[in-house]
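K.L.:
Please find work_4.cif (mmCIF, C-alpha atoms and all ligand atoms; chains and numbers go by the auth columns) on the next line:
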data_query
loop_
_atom_site.group_PDB
_atom_site.id
_atom_site.type_symbol
_atom_site.label_atom_id
_atom_site.label_comp_id
_atom_site.label_asym_id
_atom_site.label_seq_id
_atom_site.Cartn_x
_atom_site.Cartn_y
_atom_site.Cartn_z
_atom_site.B_iso_or_equiv
_atom_site.auth_seq_id
_atom_site.auth_asym_id
ATOM 1 C CA MET A 1 0.000 0.000 0.000 0.00 26 A
ATOM 2 C CA THR A 2 1.296 3.491 -0.802 0.00 27 A
ATOM 3 C CA LYS A 3 1.535 6.230 1.800 0.00 28 A
ATOM 4 C CA ASN A 4 -1.494 7.945 0.228 0.00 29 A
ATOM 5 C CA GLU A 5 -3.554 4.749 0.309 0.00 30 A
ATOM 6 C CA VAL A 6 -2.696 4.208 3.978 0.00 31 A
ATOM 7 C CA GLY A 7 -3.433 7.860 4.790 0.00 32 A
ATOM 8 C CA LYS A 8 -6.885 7.661 3.252 0.00 33 A
ATOM 9 C CA ARG A 9 -7.807 4.759 5.543 0.00 34 A
ATOM 10 C CA LEU A 10 -6.342 6.399 8.627 0.00 35 A
ATOM 11 C CA PHE A 11 -8.404 8.345 11.175 0.00 36 A
ATOM 12 C CA VAL A 12 -7.071 9.906 14.341 0.00 37 A
ATOM 13 C CA LEU A 13 -9.341 10.704 17.250 0.00 38 A
ATOM 14 C CA SER A 14 -7.577 13.106 19.540 0.00 39 A
ATOM 15 C CA GLY A 15 -8.328 15.559 22.318 0.00 40 A
ATOM 16 C CA PRO A 16 -7.365 16.007 25.939 0.00 41 A
ATOM 17 C CA SER A 17 -7.166 13.146 28.392 0.00 42 A
ATOM 18 C CA GLY A 18 -10.600 12.802 30.030 0.00 43 A
ATOM 19 C CA CYS A 19 -12.644 14.156 27.101 0.00 44 A
ATOM 20 C CA GLY A 20 -14.124 10.710 26.486 0.00 45 A
ATOM 21 C CA LYS A 21 -12.198 9.521 23.403 0.00 46 A
ATOM 22 C CA ASP A 22 -12.074 5.908 24.530 0.00 47 A
ATOM 23 C CA THR A 23 -15.790 5.756 25.345 0.00 48 A
ATOM 24 C CA VAL A 24 -16.755 7.326 22.011 0.00 49 A
ATOM 25 C CA ILE A 25 -14.565 4.956 20.050 0.00 50 A
ATOM 26 C CA LYS A 26 -15.716 1.865 21.938 0.00 51 A
ATOM 27 C CA CYS A 27 -19.328 2.808 21.161 0.00 52 A
ATOM 28 C CA LEU A 28 -18.458 3.394 17.513 0.00 53 A
ATOM 29 C CA LYS A 29 -16.830 -0.018 17.343 0.00 54 A
ATOM 30 C CA MET A 30 -20.042 -1.611 18.609 0.00 55 A
ATOM 31 C CA VAL A 31 -22.001 -0.200 15.668 0.00 56 A
ATOM 32 C CA ARG A 32 -19.351 -0.518 12.924 0.00 57 A
ATOM 33 C CA ASP A 33 -17.402 -3.650 12.105 0.00 58 A
ATOM 34 C CA ASP A 34 -15.331 -1.980 9.385 0.00 59 A
ATOM 35 C CA ILE A 35 -13.044 -0.140 11.800 0.00 60 A
ATOM 36 C CA PHE A 36 -9.893 -1.418 13.469 0.00 61 A
ATOM 37 C CA LEU A 37 -9.111 0.232 16.752 0.00 62 A
ATOM 38 C CA SER A 38 -5.370 0.415 17.318 0.00 63 A
ATOM 39 C CA VAL A 39 -4.197 -0.706 20.771 0.00 64 A
ATOM 40 C CA SER A 40 -1.263 1.456 21.889 0.00 65 A
ATOM 41 C CA CYS A 41 1.790 0.532 23.910 0.00 66 A
ATOM 42 C CA THR A 42 2.389 2.394 27.153 0.00 67 A
ATOM 43 C CA THR A 43 4.822 2.410 30.031 0.00 68 A
ATOM 44 C CA ARG A 44 2.154 3.552 32.497 0.00 69 A
ATOM 45 C CA ALA A 45 0.728 1.022 34.938 0.00 70 A
ATOM 46 C CA PRO A 46 -2.701 -0.465 34.152 0.00 71 A
ATOM 47 C CA ARG A 47 -5.686 1.071 35.953 0.00 72 A
ATOM 48 C CA GLU A 48 -7.923 -1.236 37.923 0.00 73 A
ATOM 49 C CA ASN A 49 -10.412 -1.995 35.135 0.00 74 A
ATOM 50 C CA GLU A 50 -7.908 -2.120 32.279 0.00 75 A
ATOM 51 C CA ARG A 51 -6.757 -5.231 30.446 0.00 76 A
ATOM 52 C CA GLU A 52 -3.534 -6.117 28.639 0.00 77 A
ATOM 53 C CA GLY A 53 -3.992 -6.143 24.874 0.00 78 A
ATOM 54 C CA VAL A 54 -7.444 -4.549 25.133 0.00 79 A
ATOM 55 C CA ASP A 55 -6.801 -1.099 26.572 0.00 80 A
ATOM 56 C CA TYR A 56 -3.033 -1.052 26.049 0.00 81 A
ATOM 57 C CA TYR A 57 0.013 -3.258 25.732 0.00 82 A
ATOM 58 C CA TYR A 58 1.785 -2.526 29.011 0.00 83 A
ATOM 59 C CA ILE A 59 5.530 -2.536 28.566 0.00 84 A
ATOM 60 C CA THR A 60 8.601 -1.255 30.416 0.00 85 A
ATOM 61 C CA SER A 61 10.513 1.905 29.482 0.00 86 A
ATOM 62 C CA GLU A 62 13.392 -0.319 28.397 0.00 87 A
ATOM 63 C CA GLN A 63 11.116 -2.306 26.049 0.00 88 A
ATOM 64 C CA PHE A 64 9.664 0.948 24.707 0.00 89 A
ATOM 65 C CA ARG A 65 13.142 2.356 23.993 0.00 90 A
ATOM 66 C CA GLN A 66 14.116 -0.876 22.246 0.00 91 A
ATOM 67 C CA MET A 67 11.004 -0.687 20.054 0.00 92 A
ATOM 68 C CA ILE A 68 11.833 2.918 19.096 0.00 93 A
ATOM 69 C CA GLU A 69 15.407 1.951 18.240 0.00 94 A
ATOM 70 C CA ALA A 70 14.219 -0.997 16.158 0.00 95 A
ATOM 71 C CA GLY A 71 11.886 1.308 14.191 0.00 96 A
ATOM 72 C CA GLU A 72 8.836 -0.572 15.470 0.00 97 A
ATOM 73 C CA ILE A 73 7.026 2.514 16.749 0.00 98 A
ATOM 74 C CA LEU A 74 5.063 4.568 14.237 0.00 99 A
ATOM 75 C CA GLU A 75 4.519 7.559 16.514 0.00 100 A
ATOM 76 C CA TYR A 76 4.909 8.153 20.207 0.00 101 A
ATOM 77 C CA ASN A 77 4.711 10.790 22.867 0.00 102 A
ATOM 78 C CA PHE A 78 5.959 11.271 26.401 0.00 103 A
ATOM 79 C CA TYR A 79 2.899 12.289 28.385 0.00 104 A
ATOM 80 C CA ALA A 80 2.578 12.985 32.130 0.00 105 A
ATOM 81 C CA GLY A 81 5.661 10.905 32.915 0.00 106 A
ATOM 82 C CA ASN A 82 5.037 7.946 30.603 0.00 107 A
ATOM 83 C CA TYR A 83 5.567 6.866 27.029 0.00 108 A
ATOM 84 C CA TYR A 84 2.599 6.126 24.782 0.00 109 A
ATOM 85 C CA GLY A 85 2.966 4.931 21.199 0.00 110 A
ATOM 86 C CA THR A 86 1.410 3.195 18.228 0.00 111 A
ATOM 87 C CA SER A 87 3.300 0.188 16.907 0.00 112 A
ATOM 88 C CA ARG A 88 3.795 -0.323 13.182 0.00 113 A
ATOM 89 C CA GLN A 89 2.671 -3.911 13.698 0.00 114 A
ATOM 90 C CA GLU A 90 -0.720 -2.713 14.929 0.00 115 A
ATOM 91 C CA LEU A 91 -1.199 -0.467 11.877 0.00 116 A
ATOM 92 C CA ASP A 92 -0.150 -3.269 9.514 0.00 117 A
ATOM 93 C CA ARG A 93 -2.527 -5.699 11.210 0.00 118 A
ATOM 94 C CA GLY A 94 -5.531 -3.401 10.742 0.00 119 A
ATOM 95 C CA LEU A 95 -4.684 -2.620 7.148 0.00 120 A
ATOM 96 C CA ALA A 96 -4.111 -6.308 6.331 0.00 121 A
ATOM 97 C CA GLU A 97 -7.652 -6.968 7.555 0.00 122 A
ATOM 98 C CA GLY A 98 -8.854 -4.327 5.069 0.00 123 A
ATOM 99 C CA LYS A 99 -10.225 -2.186 7.868 0.00 124 A
ATOM 100 C CA ILE A 100 -10.429 1.554 8.423 0.00 125 A
ATOM 101 C CA MET A 101 -7.742 2.320 11.008 0.00 126 A
ATOM 102 C CA VAL A 102 -8.566 4.483 14.006 0.00 127 A
ATOM 103 C CA LEU A 103 -5.874 5.744 16.358 0.00 128 A
ATOM 104 C CA VAL A 104 -6.944 7.254 19.660 0.00 129 A
ATOM 105 C CA ILE A 105 -3.958 9.340 20.646 0.00 130 A
ATOM 106 C CA ASP A 106 -2.943 12.665 22.115 0.00 131 A
ATOM 107 C CA VAL A 107 -2.584 15.914 20.186 0.00 132 A
ATOM 108 C CA ASN A 108 1.190 15.664 19.652 0.00 133 A
ATOM 109 C CA GLY A 109 0.736 12.159 18.321 0.00 134 A
ATOM 110 C CA ALA A 110 -1.967 13.386 15.938 0.00 135 A
ATOM 111 C CA HIS A 111 0.408 15.954 14.435 0.00 136 A
ATOM 112 C CA ASN A 112 3.110 13.307 14.088 0.00 137 A
ATOM 113 C CA VAL A 113 0.673 11.082 12.184 0.00 138 A
ATOM 114 C CA ARG A 114 -0.212 14.021 9.921 0.00 139 A
ATOM 115 C CA ARG A 115 3.491 14.506 9.112 0.00 140 A
ATOM 116 C CA LEU A 116 3.830 10.804 8.244 0.00 141 A
ATOM 117 C CA TYR A 117 0.497 10.495 6.425 0.00 142 A
ATOM 118 C CA PRO A 118 -0.717 13.875 5.102 0.00 143 A
ATOM 119 C CA ASP A 119 -3.956 12.253 3.858 0.00 144 A
ATOM 120 C CA ALA A 120 -4.970 11.055 7.329 0.00 145 A
ATOM 121 C CA THR A 121 -8.124 12.585 8.826 0.00 146 A
ATOM 122 C CA LEU A 122 -7.721 14.244 12.228 0.00 147 A
ATOM 123 C CA VAL A 123 -10.733 14.621 14.502 0.00 148 A
ATOM 124 C CA PHE A 124 -10.557 16.623 17.725 0.00 149 A
ATOM 125 C CA LEU A 125 -12.916 15.691 20.539 0.00 150 A
ATOM 126 C CA LEU A 126 -13.788 18.570 22.848 0.00 151 A
ATOM 127 C CA PRO A 127 -15.242 18.196 26.342 0.00 152 A
ATOM 128 C CA PRO A 128 -18.552 20.039 26.913 0.00 153 A
ATOM 129 C CA SER A 129 -16.712 22.389 29.303 0.00 154 A
ATOM 130 C CA ILE A 130 -13.457 22.729 31.249 0.00 155 A
ATOM 131 C CA ASP A 131 -15.338 21.992 34.494 0.00 156 A
ATOM 132 C CA VAL A 132 -16.679 18.713 33.133 0.00 157 A
ATOM 133 C CA LEU A 133 -13.178 17.796 31.966 0.00 158 A
ATOM 134 C CA ARG A 134 -11.716 18.453 35.416 0.00 159 A
ATOM 135 C CA GLN A 135 -14.433 16.293 37.007 0.00 160 A
ATOM 136 C CA ARG A 136 -13.708 13.442 34.596 0.00 161 A
ATOM 137 C CA ILE A 137 -9.948 13.602 35.136 0.00 162 A
ATOM 138 C CA ALA A 138 -10.344 13.813 38.913 0.00 163 A
ATOM 139 C CA GLY A 139 -12.872 10.954 38.797 0.00 164 A
ATOM 140 C CA ARG A 140 -10.225 8.600 37.444 0.00 165 A
ATOM 141 C CA GLY A 141 -8.518 8.576 40.820 0.00 166 A
ATOM 142 C CA LEU A 142 -5.322 10.039 39.414 0.00 167 A
ATOM 143 C CA THR A 143 -5.108 12.569 42.229 0.00 168 A
ATOM 144 C CA ASN A 144 -1.375 13.036 41.772 0.00 169 A
ATOM 145 C CA ASP A 145 -1.551 14.190 38.183 0.00 170 A
ATOM 146 C CA VAL A 146 -4.923 15.957 37.834 0.00 171 A
ATOM 147 C CA GLU A 147 -3.286 19.380 37.691 0.00 172 A
ATOM 148 C CA GLU A 148 -0.641 18.247 35.226 0.00 173 A
ATOM 149 C CA ARG A 149 -3.315 16.689 32.987 0.00 174 A
ATOM 150 C CA MET A 150 -5.444 19.865 33.201 0.00 175 A
ATOM 151 C CA LYS A 151 -2.482 22.036 32.197 0.00 176 A
ATOM 152 C CA ILE A 152 -1.750 19.802 29.191 0.00 177 A
ATOM 153 C CA ALA A 153 -5.496 19.675 28.325 0.00 178 A
ATOM 154 C CA ILE A 154 -5.858 23.465 28.172 0.00 179 A
ATOM 155 C CA ALA A 155 -2.833 23.745 25.853 0.00 180 A
ATOM 156 C CA GLU A 156 -4.201 20.904 23.698 0.00 181 A
ATOM 157 C CA ILE A 157 -7.669 22.487 23.357 0.00 182 A
ATOM 158 C CA ALA A 158 -6.032 25.642 21.954 0.00 183 A
ATOM 159 C CA ASP A 159 -4.906 23.455 19.035 0.00 184 A
ATOM 160 C CA ALA A 160 -8.366 22.139 18.079 0.00 185 A
ATOM 161 C CA ASP A 161 -8.699 24.469 15.060 0.00 186 A
ATOM 162 C CA ASN A 162 -5.758 22.751 13.389 0.00 187 A
ATOM 163 C CA PHE A 163 -7.755 19.524 13.084 0.00 188 A
ATOM 164 C CA ASP A 164 -9.961 18.576 10.125 0.00 189 A
ATOM 165 C CA TYR A 165 -13.053 18.155 12.316 0.00 190 A
ATOM 166 C CA GLN A 166 -14.077 19.113 15.839 0.00 191 A
ATOM 167 C CA LEU A 167 -16.717 17.263 17.822 0.00 192 A
ATOM 168 C CA VAL A 168 -18.130 18.149 21.231 0.00 193 A
ATOM 169 C CA ASN A 169 -18.644 15.170 23.492 0.00 194 A
ATOM 170 C CA ASP A 170 -21.836 16.428 25.097 0.00 195 A
ATOM 171 C CA ASP A 171 -24.338 13.733 24.209 0.00 196 A
ATOM 172 C CA LEU A 172 -22.536 10.408 23.646 0.00 197 A
ATOM 173 C CA GLU A 173 -24.912 8.972 21.048 0.00 198 A
ATOM 174 C CA THR A 174 -24.908 12.167 18.963 0.00 199 A
ATOM 175 C CA CYS A 175 -21.139 12.309 19.123 0.00 200 A
ATOM 176 C CA VAL A 176 -20.746 8.681 18.000 0.00 201 A
ATOM 177 C CA ASN A 177 -23.150 9.262 15.092 0.00 202 A
ATOM 178 C CA GLU A 178 -21.287 12.391 14.046 0.00 203 A
ATOM 179 C CA LEU A 179 -17.961 10.584 14.080 0.00 204 A
ATOM 180 C CA SER A 180 -19.433 7.747 12.057 0.00 205 A
ATOM 181 C CA ALA A 181 -20.795 10.259 9.511 0.00 206 A
ATOM 182 C CA ILE A 182 -17.357 11.884 9.202 0.00 207 A
ATOM 183 C CA ILE A 183 -15.801 8.495 8.438 0.00 208 A
ATOM 184 C CA ASP A 184 -18.466 7.784 5.799 0.00 209 A
ATOM 185 C CA THR A 185 -18.030 11.187 4.165 0.00 210 A
ATOM 186 C CA VAL A 186 -14.238 10.879 3.970 0.00 211 A
ATOM 187 C CA MET A 187 -14.293 7.259 2.754 0.00 212 A
ATOM 188 C CA ASN A 188 -16.972 7.983 0.119 0.00 213 A
ATOM 189 C CA LYS A 189 -14.956 10.900 -1.205 0.00 214 A
ATOM 190 C CA ALA A 190 -11.789 8.761 -1.346 0.00 215 A
ATOM 191 C CA ASN A 191 -13.666 5.958 -3.146 0.00 216 A
ATOM 192 C CA GLN A 192 -15.156 8.379 -5.688 0.00 217 A
ATOM 193 C CA MET A 193 -11.704 9.753 -6.470 0.00 218 A
ATOM 194 C CA GLU A 194 -10.431 6.228 -7.086 0.00 219 A
ATOM 195 C CA GLU A 195 -13.211 5.455 -9.573 0.00 220 A
HETATM 196 P P1 LIG B . -4.236 7.690 29.588 0.00 1 B
HETATM 197 O O1 LIG B . -3.095 7.595 30.561 0.00 1 B
HETATM 198 O O2 LIG B . -5.329 8.604 30.075 0.00 1 B
HETATM 199 O O3 LIG B . -4.730 6.343 29.125 0.00 1 B
HETATM 200 O O4 LIG B . -3.647 8.378 28.252 0.00 1 B
HETATM 201 C C1 LIG B . -3.015 9.629 28.296 0.00 1 B
HETATM 202 C C2 LIG B . -3.003 10.256 26.913 0.00 1 B
HETATM 203 O O5 LIG B . -2.188 9.489 26.024 0.00 1 B
HETATM 204 C C3 LIG B . -4.403 10.278 26.271 0.00 1 B
HETATM 205 O O6 LIG B . -4.607 11.547 25.671 0.00 1 B
HETATM 206 C C4 LIG B . -4.321 9.180 25.255 0.00 1 B
HETATM 207 O O7 LIG B . -5.213 9.376 24.171 0.00 1 B
HETATM 208 C C5 LIG B . -2.888 9.307 24.801 0.00 1 B
HETATM 209 N N1 LIG B . -2.402 8.125 24.086 0.00 1 B
HETATM 210 C C6 LIG B . -2.795 6.844 24.227 0.00 1 B
HETATM 211 N N2 LIG B . -2.156 6.050 23.367 0.00 1 B
HETATM 212 C C7 LIG B . -1.337 6.844 22.639 0.00 1 B
HETATM 213 C C8 LIG B . -0.422 6.590 21.561 0.00 1 B
HETATM 214 O O8 LIG B . -0.231 5.482 21.079 0.00 1 B
HETATM 215 N N3 LIG B . 0.253 7.670 21.078 0.00 1 B
HETATM 216 C C9 LIG B . 0.086 8.925 21.561 0.00 1 B
HETATM 217 N N4 LIG B . 0.777 9.894 20.992 0.00 1 B
HETATM 218 N N5 LIG B . -0.768 9.193 22.574 0.00 1 B
HETATM 219 C C10 LIG B . -1.478 8.171 23.101 0.00 1 B
#
So, in terms of structure tokens, how does the structure I just supplied come out?

P.N.:
Amino acid sequence: MTKNEVGKRLFVLSGPSGCGKDTVIKCLKMVRDDIFLSVSCTTRAPRENEREGVDYYYITSEQFRQMIEAGEILEYNFYAGNYYGTSRQELDRGLAEGKIMVLVIDVNGAHNVRRLYPDATLVFLLPPSIDVLRQRIAGRGLTNDVEERMKIAIAEIADADNFDYQLVNDDLETCVNELSAIIDTVMNKANQMEE
């Protein structure tokens, strides 16, 4: 597959931690079987309800560094004290299945994907308000890094205009439908251009 072909099948859902990206994408996956949701690698410890290979691949910093050196990481970011990255293997797996690839990653990661694949579609998910975002971040029990995450979130939100689409995660169902419609619009346009 050429870079352009990969880019056209690549969607990035980004936005600050706590804005609900994972919930939106899990709901979308329940109603669409043509998307492949990339599972990232991270050096952060699993949260109570998280599972290896479902939410993340949990690896050590040493393993992460080795993967970077071996060229196995497509994009990565150092966020709130930990590494997070998308493996090339994960992208290849989704594409081999003929699926539409969706990466749920932070704002820096989204820009890195854009540099690698200019045809990728970047969607920014906004929280309904800063207060709601703070409540969601605090509700995760990450008391030690709420303030750090809020500081990063405010800087990230300032970047929303640089994305192809912005969605507000106010009503979950509406948001999922809007994201699904964006994917259809982009894929239909790409298919028409191929014909
Ligand atoms: P959390 O610790 O809340 O699971 O994730 C922290 C931030 O890292 C979130 O904004 C999440 O979307 C982002 N993230 C998760 N996986 C990746 C990845 O593979 N690459 C990048 N750049 N960011 C990621």

K.L.:
Identify, on the basis of all atoms listed in the file, every residue whose closest approach to Ser205 of chain A does not exceed 12 Å; exclude the query and any residue fewer than 5 positions from it along the same chain; express the result as a PyMOL selection string.

P.N.:
chain A and resi 36+38+49-50+52-60+125+127+148+192+198-200+210-212

K.L.:
Would you list the contacts of Val193 of chain A as a ChimeraX atom specification, taking every protein, DNA or RNA residue within 8 Å and counting all atoms listed in the file, but skipping same-chain residues closer than 6 positions in sequence?

P.N.:
/A:150-153,200

K.L.:
Decode the PyMOL selection byres (((chain A and resi 90) around 12) and not hetatm) for the given file into explicit residues and return them as a ChimeraX atom specification.

P.N.:
/A:66-68,84-89,91-98,101-103,107-110

K.L.:
Residues of the last selection are to be written out with C-alpha atoms, as a PDB file, in the coordinates of the input.

P.N.:
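The resulting out39.pdb:
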ATOM      1  CA  CYS A  66       1.790   0.532  23.910  1.00  0.00           C
ATOM      2  CA  THR A  67       2.389   2.394  27.153  1.00  0.00           C
ATOM      3  CA  THR A  68       4.822   2.410  30.031  1.00  0.00           C
ATOM      4  CA  ILE A  84       5.530  -2.536  28.566  1.00  0.00           C
ATOM      5  CA  THR A  85       8.601  -1.255  30.416  1.00  0.00           C
ATOM      6  CA  SER A  86      10.513   1.905  29.482  1.00  0.00           C
ATOM      7  CA  GLU A  87      13.392  -0.319  28.397  1.00  0.00           C
ATOM      8  CA  GLN A  88      11.116  -2.306  26.049  1.00  0.00           C
ATOM      9  CA  PHE A  89       9.664   0.948  24.707  1.00  0.00           C
ATOM     10  CA  GLN A  91      14.116  -0.876  22.246  1.00  0.00           C
ATOM     11  CA  MET A  92      11.004  -0.687  20.054  1.00  0.00           C
ATOM     12  CA  ILE A  93      11.833   2.918  19.096  1.00  0.00           C
ATOM     13  CA  GLU A  94      15.407   1.951  18.240  1.00  0.00           C
ATOM     14  CA  ALA A  95      14.219  -0.997  16.158  1.00  0.00           C
ATOM     15  CA  GLY A  96      11.886   1.308  14.191  1.00  0.00           C
ATOM     16  CA  GLU A  97       8.836  -0.572  15.470  1.00  0.00           C
ATOM     17  CA  ILE A  98       7.026   2.514  16.749  1.00  0.00           C
ATOM     18  CA  TYR A 101       4.909   8.153  20.207  1.00  0.00           C
ATOM     19  CA  ASN A 102       4.711  10.790  22.867  1.00  0.00           C
ATOM     20  CA  PHE A 103       5.959  11.271  26.401  1.00  0.00           C
ATOM     21  CA  ASN A 107       5.037   7.946  30.603  1.00  0.00           C
ATOM     22  CA  TYR A 108       5.567   6.866  27.029  1.00  0.00           C
ATOM     23  CA  TYR A 109       2.599   6.126  24.782  1.00  0.00           C
ATOM     24  CA  GLY A 110       2.966   4.931  21.199  1.00  0.00           C
TER      25      GLY A 110
END

K.L.:
Using the chain letters and numbering of this document, enumerate as a list in words the residues selected by the PyMOL selection byres (((chain A and resi 80) around 10) and not hetatm).

P.N.:
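Selected by the PyMOL selection byres (((chain A and resi 80) around 10) and not hetatm) here: Asp47, Ser63, Val64, Ser65, Cys66, Thr67, Pro71, Arg72, Asn74, Glu75, Arg76, Glu77, Gly78, Val79, Tyr81, Tyr82 and Tyr83 of chain A.
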
K.L.:
On this file, the PyMOL selection byres (((chain A and resi 181) around 9) and not hetatm) gives some set of residues; write that set as a ChimeraX atom specification.

P.N.:
/A:40-41,131-133,176-180,182-185

K.L.:
Could you state the separation of atom CA of Leu197 of chain A and atom CA of Lys46 of chain A in Å, given to one decimal place?

P.N.:
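Between atom CA of Leu197 of chain A and atom CA of Lys46 of chain A the gap works out to 10.4 Å.
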
K.L.:
What gap, in Å, lies between atom CA of Arg165 of chain A and atom CA of His136 of chain A?

P.N.:
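Going from atom CA of Arg165 of chain A over to atom CA of His136 of chain A, I get 26.4 Å.
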
K.L.:
Distance atom CA of Val138 of chain A-atom CA of Asp189 of chain A, one decimal place?

P.N.:
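These two atoms are separated by 13.2 Å.
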
K.L.:
If we count all atoms listed in the file, what is near Gly106 of chain A at a cut-off of 10 Å, once residues fewer than 4 positions away on the same chain are taken out, given as a ChimeraX atom specification?

P.N.:
/A:68-69,170,173

K.L.:
With only C-alpha atoms and all ligand atoms as the basis for distance, which of A:Arg174, A:Arg34, A:Gln160, A:Tyr142 is at the shortest distance from ligand LIG 1 (chain B)?

P.N.:
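Under the stated criterion, the closest residue is A:Arg174.
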
K.L.:
Taking all atoms of ligand LIG 1 (chain B) that the file lists, what box with edges along x, y and z, padded by 5 Å per side, do you get, with centre and edge lengths in Å to one decimal, as JSON?

P.N.:
{"center_x": -2.3, "center_y": 8.5, "center_z": 25.8, "size_x": 16.1, "size_y": 16.1, "size_z": 19.6}

K.L.:
Near Leu35 of chain A, counting all atoms listed in the file, which residues have an atom at most 8 Å away, once you skip same-chain residues fewer than 2 positions from it, shown as a PyMOL selection string?

P.N.:
chain A and resi 31-33+37+125-128+144-146

K.L.:
For ligand LIG 1 (chain B), which residue among A:Met26, A:Ala105, A:Leu158, A:Ala206 is the nearest when counting all atoms listed in the file?

P.N.:
A:Ala105

K.L.:
Just checking: using all atoms listed in the file, which residue out of A:Gln217, A:Asn137, A:Thr27, A:Gln114 ends up closest to ligand LIG 1 (chain B)?

P.N.:
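Smallest distance to ligand LIG 1 (chain B) is found for A:Asn137.
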
K.L.:
Select, from A:Leu99, A:Gly43, A:Lys124, A:Asn216, the residue with the minimum atom-to-atom distance to Ser112 of chain A, counting all atoms listed in the file.

P.N.:
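Distance minimum relative to Ser112 of chain A lands on A:Leu99.
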
K.L.:
Using all atoms listed in the file, which residue out of A:Asp209, A:Gly123, A:Ile155, A:Ile162 lies closest to ligand LIG 1 (chain B)?

P.N.:
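Residue with the minimum atom-to-atom distance to ligand LIG 1 (chain B): A:Ile162.
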
K.L.:
When you count only C-alpha atoms and all ligand atoms, which of these residues is closest to ligand LIG 1 (chain B): A:Thr48, A:Thr111, A:Asn202, A:Asn29?

P.N.:
A:Thr111
